[in-house]
$ cat entry.json   # JSON, C-alpha atoms
[["chain", "number", "residue", "atom", "x", "y", "z"],
["W", 17, "MET", "CA", -22.74, -4.11, -12.42],
["W", 18, "ALA", "CA", -24.11, -2.62, -15.63],
["W", 19, "LEU", "CA", -24.30, 1.17, -15.52],
["W", 20, "LYS", "CA", -26.52, 3.15, -17.85],
["W", 21, "GLY", "CA", -27.41, 6.73, -18.62],
["W", 22, "LYS", "CA", -26.44, 9.47, -16.23],
["W", 23, "ASP", "CA", -25.04, 7.09, -13.59],
["W", 24, "ALA", "CA", -22.56, 5.71, -16.12],
["W", 25, "LEU", "CA", -21.58, 9.20, -17.27],
["W", 26, "VAL", "CA", -21.07, 10.46, -13.72],
["W", 27, "LEU", "CA", -18.90, 7.49, -12.82],
["W", 28, "GLU", "CA", -16.86, 7.77, -16.01],
["W", 29, "ARG", "CA", -16.18, 11.46, -15.40],
["W", 30, "THR", "CA", -15.25, 10.70, -11.81],
["W", 31, "PHE", "CA", -12.93, 7.92, -12.98],
["W", 32, "LYS", "CA", -11.26, 10.39, -15.37],
["W", 33, "LEU", "CA", -10.69, 12.82, -12.49],
["W", 34, "PHE", "CA", -9.04, 10.20, -10.29],
["W", 35, "LEU", "CA", -6.99, 8.96, -13.25],
["W", 36, "GLU", "CA", -5.60, 12.35, -14.18],
["W", 37, "GLY", "CA", -5.13, 13.52, -10.61],
["W", 38, "SER", "CA", -5.04, 11.42, -7.48],
["W", 39, "TYR", "CA", -7.29, 10.59, -4.59],
["W", 40, "GLY", "CA", -5.75, 13.38, -2.52],
["W", 41, "SER", "CA", -5.85, 16.05, -5.21],
["W", 42, "VAL", "CA", -9.49, 15.62, -6.30],
["W", 43, "SER", "CA", -11.85, 17.94, -4.43],
["W", 44, "ILE", "CA", -15.63, 18.06, -4.13],
["W", 45, "ALA", "CA", -15.48, 21.21, -6.27],
["W", 46, "ASP", "CA", -13.69, 19.18, -8.97],
["W", 47, "LEU", "CA", -16.40, 16.54, -8.76],
["W", 48, "GLU", "CA", -19.11, 19.19, -9.08],
["W", 49, "LYS", "CA", -17.49, 20.63, -12.19],
["W", 50, "ALA", "CA", -16.82, 17.24, -13.81],
["W", 51, "THR", "CA", -20.23, 15.72, -13.16],
["W", 52, "GLY", "CA", -22.35, 18.85, -13.55],
["W", 53, "MET", "CA", -24.02, 18.05, -10.24],
["W", 54, "ALA", "CA", -24.34, 20.31, -7.21],
["W", 55, "ARG", "CA", -22.55, 19.28, -4.03],
["W", 56, "GLY", "CA", -25.81, 18.50, -2.26],
["W", 57, "THR", "CA", -26.98, 16.30, -5.13],
["W", 58, "ILE", "CA", -23.69, 14.40, -5.18],
["W", 59, "LEU", "CA", -23.83, 13.79, -1.44],
["W", 60, "TYR", "CA", -27.50, 12.78, -1.57],
["W", 61, "LYS", "CA", -27.41, 10.52, -4.63],
["W", 62, "ILE", "CA", -23.90, 9.09, -4.51],
["W", 63, "GLY", "CA", -22.22, 9.97, -1.25],
["W", 64, "ASN", "CA", -19.01, 11.70, -0.28],
["W", 65, "LYS", "CA", -15.66, 11.59, -2.08],
["W", 66, "ASP", "CA", -14.74, 8.31, -0.37],
["W", 67, "ASP", "CA", -17.96, 6.71, -1.62],
["W", 68, "LEU", "CA", -17.31, 7.90, -5.17],
["W", 69, "PHE", "CA", -13.73, 6.68, -5.11],
["W", 70, "ARG", "CA", -14.81, 3.25, -3.86],
["W", 71, "LYS", "CA", -17.43, 3.04, -6.62],
["W", 72, "VAL", "CA", -14.84, 3.97, -9.26],
["W", 73, "VAL", "CA", -12.44, 1.33, -7.93],
["W", 74, "ARG", "CA", -15.19, -1.28, -7.74],
["W", 75, "TYR", "CA", -16.41, -0.71, -11.30],
["W", 76, "TYR", "CA", -13.28, 0.24, -13.23],
["W", 77, "ILE", "CA", -10.78, -2.03, -11.49],
["W", 78, "ILE", "CA", -12.29, -4.87, -9.49],
["W", 79, "GLU", "CA", -15.15, -5.66, -11.87],
["W", 80, "SER", "CA", -13.64, -4.52, -15.17],
["W", 81, "GLN", "CA", -10.35, -6.33, -14.56],
["W", 82, "ASN", "CA", -11.91, -9.50, -13.22],
["W", 83, "PRO", "CA", -10.87, -12.11, -15.80],
["W", 84, "ASN", "CA", -14.39, -13.56, -15.82],
["W", 85, "ASN", "CA", -15.54, -10.18, -17.20],
["W", 86, "LYS", "CA", -12.46, -9.02, -19.08],
["W", 87, "LEU", "CA", -11.62, -12.33, -20.77],
["W", 88, "VAL", "CA", -15.07, -13.65, -21.63],
["W", 89, "GLU", "CA", -14.04, -14.69, -25.16],
["W", 90, "ALA", "CA", -10.83, -16.29, -23.92],
["W", 91, "ILE", "CA", -12.40, -18.54, -21.29],
["W", 92, "SER", "CA", -13.80, -21.03, -23.82],
["W", 93, "CYS", "CA", -10.80, -21.18, -26.17],
["W", 94, "ASN", "CA", -9.84, -24.51, -27.73],
["W", 95, "THR", "CA", -6.10, -23.83, -28.00],
["W", 96, "LEU", "CA", -3.47, -21.91, -26.10],
["W", 97, "LYS", "CA", -2.75, -19.82, -29.19],
["W", 98, "GLU", "CA", -6.40, -18.79, -29.35],
["W", 99, "PHE", "CA", -6.34, -17.90, -25.65],
["W", 100, "ILE", "CA", -3.26, -15.72, -26.16],
["W", 101, "GLU", "CA", -4.89, -13.93, -29.10],
["W", 102, "ASN", "CA", -7.99, -13.15, -27.03],
["W", 103, "TYR", "CA", -5.86, -12.08, -24.05],
["W", 104, "ILE", "CA", -4.11, -9.57, -26.30],
["W", 105, "LYS", "CA", -7.45, -8.29, -27.63],
["W", 106, "ALA", "CA", -8.63, -7.70, -24.05],
["W", 107, "SER", "CA", -5.43, -5.79, -23.26],
["W", 108, "LYS", "CA", -5.92, -3.64, -26.35],
["W", 109, "ARG", "CA", -9.45, -2.78, -25.25],
["W", 110, "THR", "CA", -8.21, -1.70, -21.82],
["W", 111, "MET", "CA", -5.45, 0.46, -23.28],
["W", 112, "LYS", "CA", -7.86, 2.08, -25.75],
["W", 113, "THR", "CA", -10.26, 2.93, -22.91],
["W", 114, "LEU", "CA", -7.48, 4.53, -20.88],
["W", 115, "SER", "CA", -6.10, 6.53, -23.78],
["W", 116, "ASN", "CA", -9.59, 7.83, -24.61],
["W", 117, "LEU", "CA", -10.20, 9.00, -21.03],
["W", 118, "VAL", "CA", -7.06, 11.02, -20.33],
["W", 119, "GLU", "CA", -5.63, 14.08, -22.06],
["W", 120, "LYS", "CA", -3.31, 13.33, -24.97],
["W", 121, "ASP", "CA", -0.23, 14.58, -23.11],
["W", 122, "LYS", "CA", -0.83, 12.14, -20.26],
["W", 123, "ASN", "CA", 0.14, 8.47, -20.01],
["W", 124, "GLY", "CA", -3.14, 6.70, -19.26],
["W", 125, "HIS", "CA", -1.31, 3.53, -18.33],
["W", 126, "ARG", "CA", 0.80, 5.33, -15.73],
["W", 127, "CYS", "CA", -2.31, 7.09, -14.42],
["W", 128, "TYR", "CA", -4.00, 3.72, -14.01],
["W", 129, "PHE", "CA", -1.12, 2.32, -11.95],
["W", 130, "SER", "CA", -1.22, 5.43, -9.79],
["W", 131, "LEU", "CA", -4.92, 4.80, -9.23],
["W", 132, "LEU", "CA", -4.13, 1.22, -8.19],
["W", 133, "PHE", "CA", -1.72, 2.45, -5.53],
["W", 134, "ASP", "CA", -4.27, 5.00, -4.30],
["W", 135, "ALA", "CA", -6.88, 2.26, -4.08],
["W", 136, "ALA", "CA", -4.48, 0.10, -2.05],
["W", 137, "LYS", "CA", -4.08, 2.99, 0.40],
["W", 138, "PHE", "CA", -7.65, 4.19, 0.72],
["W", 139, "VAL", "CA", -10.05, 1.33, -0.10],
["W", 140, "PRO", "CA", -10.44, -1.33, 2.62],
["W", 141, "GLY", "CA", -10.10, -4.85, 1.27],
["W", 142, "PHE", "CA", -8.72, -3.73, -2.09],
["W", 143, "ALA", "CA", -5.45, -5.63, -1.70],
["W", 144, "LYS", "CA", -7.36, -8.89, -1.28],
["W", 145, "ASP", "CA", -9.63, -8.11, -4.23],
["W", 146, "LEU", "CA", -6.61, -7.41, -6.42],
["W", 147, "LYS", "CA", -4.88, -10.58, -5.24],
["W", 148, "ASP", "CA", -7.99, -12.56, -6.18],
["W", 149, "ILE", "CA", -7.92, -11.01, -9.66],
["W", 150, "PHE", "CA", -4.24, -11.87, -10.11],
["W", 151, "ASN", "CA", -4.78, -15.43, -8.89],
["W", 152, "LEU", "CA", -7.74, -15.95, -11.20],
["W", 153, "ASP", "CA", -5.79, -14.58, -14.15],
["W", 154, "LEU", "CA", -2.92, -16.97, -13.41],
["W", 155, "ARG", "CA", -5.40, -19.83, -13.00],
["W", 156, "LEU", "CA", -6.76, -19.19, -16.51],
["W", 157, "TRP", "CA", -3.23, -19.34, -17.88],
["W", 158, "GLU", "CA", -2.66, -22.60, -15.99],
["W", 159, "ILE", "CA", -5.87, -24.14, -17.36],
["W", 160, "ASN", "CA", -5.04, -23.23, -20.94],
["W", 161, "VAL", "CA", -1.38, -24.21, -20.70],
["W", 162, "ASN", "CA", -2.32, -27.56, -19.14],
["W", 163, "LYS", "CA", -4.83, -28.13, -21.94],
["W", 164, "ALA", "CA", -2.13, -27.32, -24.52],
["W", 165, "PHE", "CA", 0.24, -29.72, -22.76],
["W", 166, "CYS", "CA", -2.32, -32.55, -22.75],
["W", 167, "ILE", "CA", -3.25, -32.21, -26.43],
["W", 168, "GLY", "CA", 0.37, -31.86, -27.51],
["W", 169, "GLU", "CA", 0.12, -28.23, -28.59],
["W", 170, "ILE", "CA", 3.25, -27.40, -26.58],
["W", 171, "ARG", "CA", 6.34, -29.46, -25.87],
["W", 172, "ARG", "CA", 6.00, -32.26, -23.32],
["W", 173, "ASP", "CA", 9.39, -31.62, -21.72],
["W", 174, "LEU", "CA", 8.02, -28.42, -20.15],
["W", 175, "ASN", "CA", 6.52, -27.80, -16.72],
["W", 176, "PRO", "CA", 2.99, -26.41, -17.40],
["W", 177, "GLN", "CA", 2.84, -24.48, -14.11],
["W", 178, "ILE", "CA", 6.14, -22.72, -14.85],
["W", 179, "VAL", "CA", 5.04, -21.97, -18.41],
["W", 180, "ALA", "CA", 1.78, -20.44, -17.15],
["W", 181, "LYS", "CA", 3.73, -18.16, -14.81],
["W", 182, "HIS", "CA", 6.04, -17.14, -17.65],
["W", 183, "PHE", "CA", 3.08, -16.00, -19.73],
["W", 184, "ARG", "CA", 1.47, -14.21, -16.80],
["W", 185, "PHE", "CA", 4.66, -12.42, -15.78],
["W", 186, "ILE", "CA", 5.50, -11.41, -19.34],
["W", 187, "PHE", "CA", 2.28, -9.41, -19.22],
["W", 188, "SER", "CA", 2.53, -8.08, -15.65],
["W", 189, "GLY", "CA", 6.26, -7.30, -15.85],
["W", 190, "LEU", "CA", 5.99, -5.52, -19.19],
["W", 191, "SER", "CA", 2.86, -3.69, -18.06],
["W", 192, "PHE", "CA", 4.47, -2.43, -14.87],
["W", 193, "GLU", "CA", 7.74, -1.29, -16.46],
["W", 194, "ARG", "CA", 6.08, 0.43, -19.42],
["W", 195, "ALA", "CA", 3.76, 2.33, -17.06],
["W", 196, "PHE", "CA", 6.80, 4.38, -16.03],
["W", 197, "LEU", "CA", 7.83, 5.05, -19.63],
["W", 198, "ASP", "CA", 5.43, 5.56, -22.55],
["W", 199, "GLY", "CA", 2.69, 3.13, -21.52],
["W", 200, "LEU", "CA", 2.06, -0.45, -22.55],
["W", 201, "ASP", "CA", 2.55, -1.03, -26.27],
["W", 202, "THR", "CA", 0.15, -3.86, -27.06],
["W", 203, "SER", "CA", 2.10, -4.64, -30.24],
["W", 204, "GLU", "CA", 5.15, -5.32, -28.08],
["W", 205, "LEU", "CA", 3.02, -7.41, -25.73],
["W", 206, "GLU", "CA", 1.75, -9.43, -28.69],
["W", 207, "GLU", "CA", 5.29, -9.89, -30.00],
["W", 208, "MET", "CA", 6.54, -11.17, -26.64],
["W", 209, "LEU", "CA", 3.60, -13.48, -25.85],
["W", 210, "MET", "CA", 3.49, -14.98, -29.33],
["W", 211, "GLY", "CA", 7.29, -15.15, -29.42],
["W", 212, "TYR", "CA", 7.31, -17.21, -26.24],
["W", 213, "TYR", "CA", 4.50, -19.39, -27.61],
["W", 214, "ASP", "CA", 6.56, -20.07, -30.75],
["W", 215, "MET", "CA", 9.47, -21.14, -28.53],
["W", 216, "ILE", "CA", 7.43, -23.74, -26.66],
["W", 217, "LYS", "CA", 4.96, -25.02, -29.26],
["W", 218, "ASN", "CA", 5.28, -28.59, -30.41],
["W", 219, "ASP", "CA", 6.35, -28.47, -34.06],
["W", 220, "LYS", "CA", 6.33, -32.28, -34.26],
["W", 221, "GLU", "CA", 2.57, -32.57, -33.91]]
$ encode --input "entry.json" --output "structure tokens"
Amino acid sequence: MALKGKDALVLERTFKLFLEGSYGSVSIADLEKATGMARGTILYKIGNKDDLFRKVVRYYIIESQNPNNKLVEAISCNTLKEFIENYIKASKRTMKTLSNLVEKDKNGHRCYFSLLFDAAKFVPGFAKDLKDIFNLDLRLWEINVNKAFCIGEIRRDLNPQIVAKHFRFIFSGLSFERAFLDGLDTSELEEMLMGYYDMIKNDKE
């Protein structure tokens, strides 16, 4: 879903509201002020608060975080190292977007996790959509780790499925924990992913 012009601006401002507040705290009056649209116009063109929230979740989480959209450059990588580098670039883009949307004194990463929990509560089918995203992300790791195993890029005494999960959970575990602190530091993510890669790469090839 490619948004342009005023529709994109309205959705971005709505996303910012739900990021900085919560589903429960955002009012129609807040939406009017943020979007510059009258209540009647919002209800006529977009719908009620539930409709807006579902559109925000659909665009900024389900579609934006879908690996087929988020990791376009990484899907056609020739090596595992190249895949990791592109995965890190995608994470940096996400963190930059979040930091640009929220006030400087707020942790955009923490706000995003809060939005995820709100979506799980208030958007029907969101849990399944998120599970599909997680599974697809893991599948991309499995594909690239298996390729690295077959071409001898990583050691042959390793279990590719376990290695793929290690990479995936380095990201998800670090991302979750840092959301409660100062937010995800993509330099730390890069250090950990590349550090693990260096541990398993095949130096004999």
$ residues_around --input "entry.json" --residues "Ser107 (chain W)" --least-positions-apart "5" --cutoff "9 Å" --atoms "only C-alpha atoms" --output "MDAnalysis selection string"
chainID W and resid 86 102 112 202 205
$ write_last_selection --input "entry.json" --atoms "C-alpha atoms" --output "tab-separated table (two decimals), in the coordinates of the input"
chain	number	residue	atom	x	y	z
W	86	LYS	CA	-12.46	-9.02	-19.08
W	102	ASN	CA	-7.99	-13.15	-27.03
W	112	LYS	CA	-7.86	2.08	-25.75
W	202	THR	CA	0.15	-3.86	-27.06
W	205	LEU	CA	3.02	-7.41	-25.73
$ closest_residue --input "entry.json" --among "W:Phe99, W:Phe142, W:Phe129, W:Phe187" --to "Gly37 (chain W)" --atoms "all atoms listed in the file"
W:Phe129
$ atom_distance --input "entry.json" --atom1 "CA of Asp201 (chain W)" --atom2 "CA of Asn85 (chain W)"
22.2 Å
$ atom_distance --input "entry.json" --atom1 "CA of Ala180 (chain W)" --atom2 "CA of Arg74 (chain W)"
27.3 Å
$ closest_residue --input "entry.json" --among "W:Ile186, W:Ile100, W:Val42, W:Leu87" --to "Ala164 (chain W)" --atoms "only C-alpha atoms"
W:Ile100
$ residues_around --input "entry.json" --residues "Val72 (chain W)" --least-positions-apart "5" --cutoff "9 Å" --atoms "all atoms listed in the file" --output "list in words"
Leu27, Glu28, Thr30, Phe31, Phe34, Asp67 and Ile77 of chain W
$ closest_residue --input "entry.json" --among "W:Asp173, W:Glu193, W:Asp198, W:Glu206" --to "Tyr103 (chain W)" --atoms "all atoms listed in the file"
W:Glu206
$ closest_residue --input "entry.json" --among "W:Leu190, W:Ile170, W:Pro176, W:Asp148" --to "Asp214 (chain W)" --atoms "all atoms listed in the file"
W:Ile170
$ closest_residue --input "entry.json" --among "W:Pro83, W:Thr57, W:Phe138, W:Met215" --to "Arg155 (chain W)" --atoms "only C-alpha atoms"
W:Pro83
$ closest_residue --input "entry.json" --among "W:Asp145, W:Glu207, W:Glu79, W:Asp46" --to "Lys65 (chain W)" --atoms "only C-alpha atoms"
W:Asp46
$ residues_around --input "entry.json" --residues "Ile159 (chain W)" --least-positions-apart "4" --cutoff "12 Å" --atoms "all atoms listed in the file" --output "JSON, numbers by chain"
{"W": [90, 91, 92, 93, 94, 95, 96, 99, 152, 153, 154, 155, 163, 164, 165, 166, 176, 177, 179, 180, 181]}
$ atom_distance --input "entry.json" --atom1 "CA of Asn160 (chain W)" --atom2 "CA of Met208 (chain W)"
17.7 Å
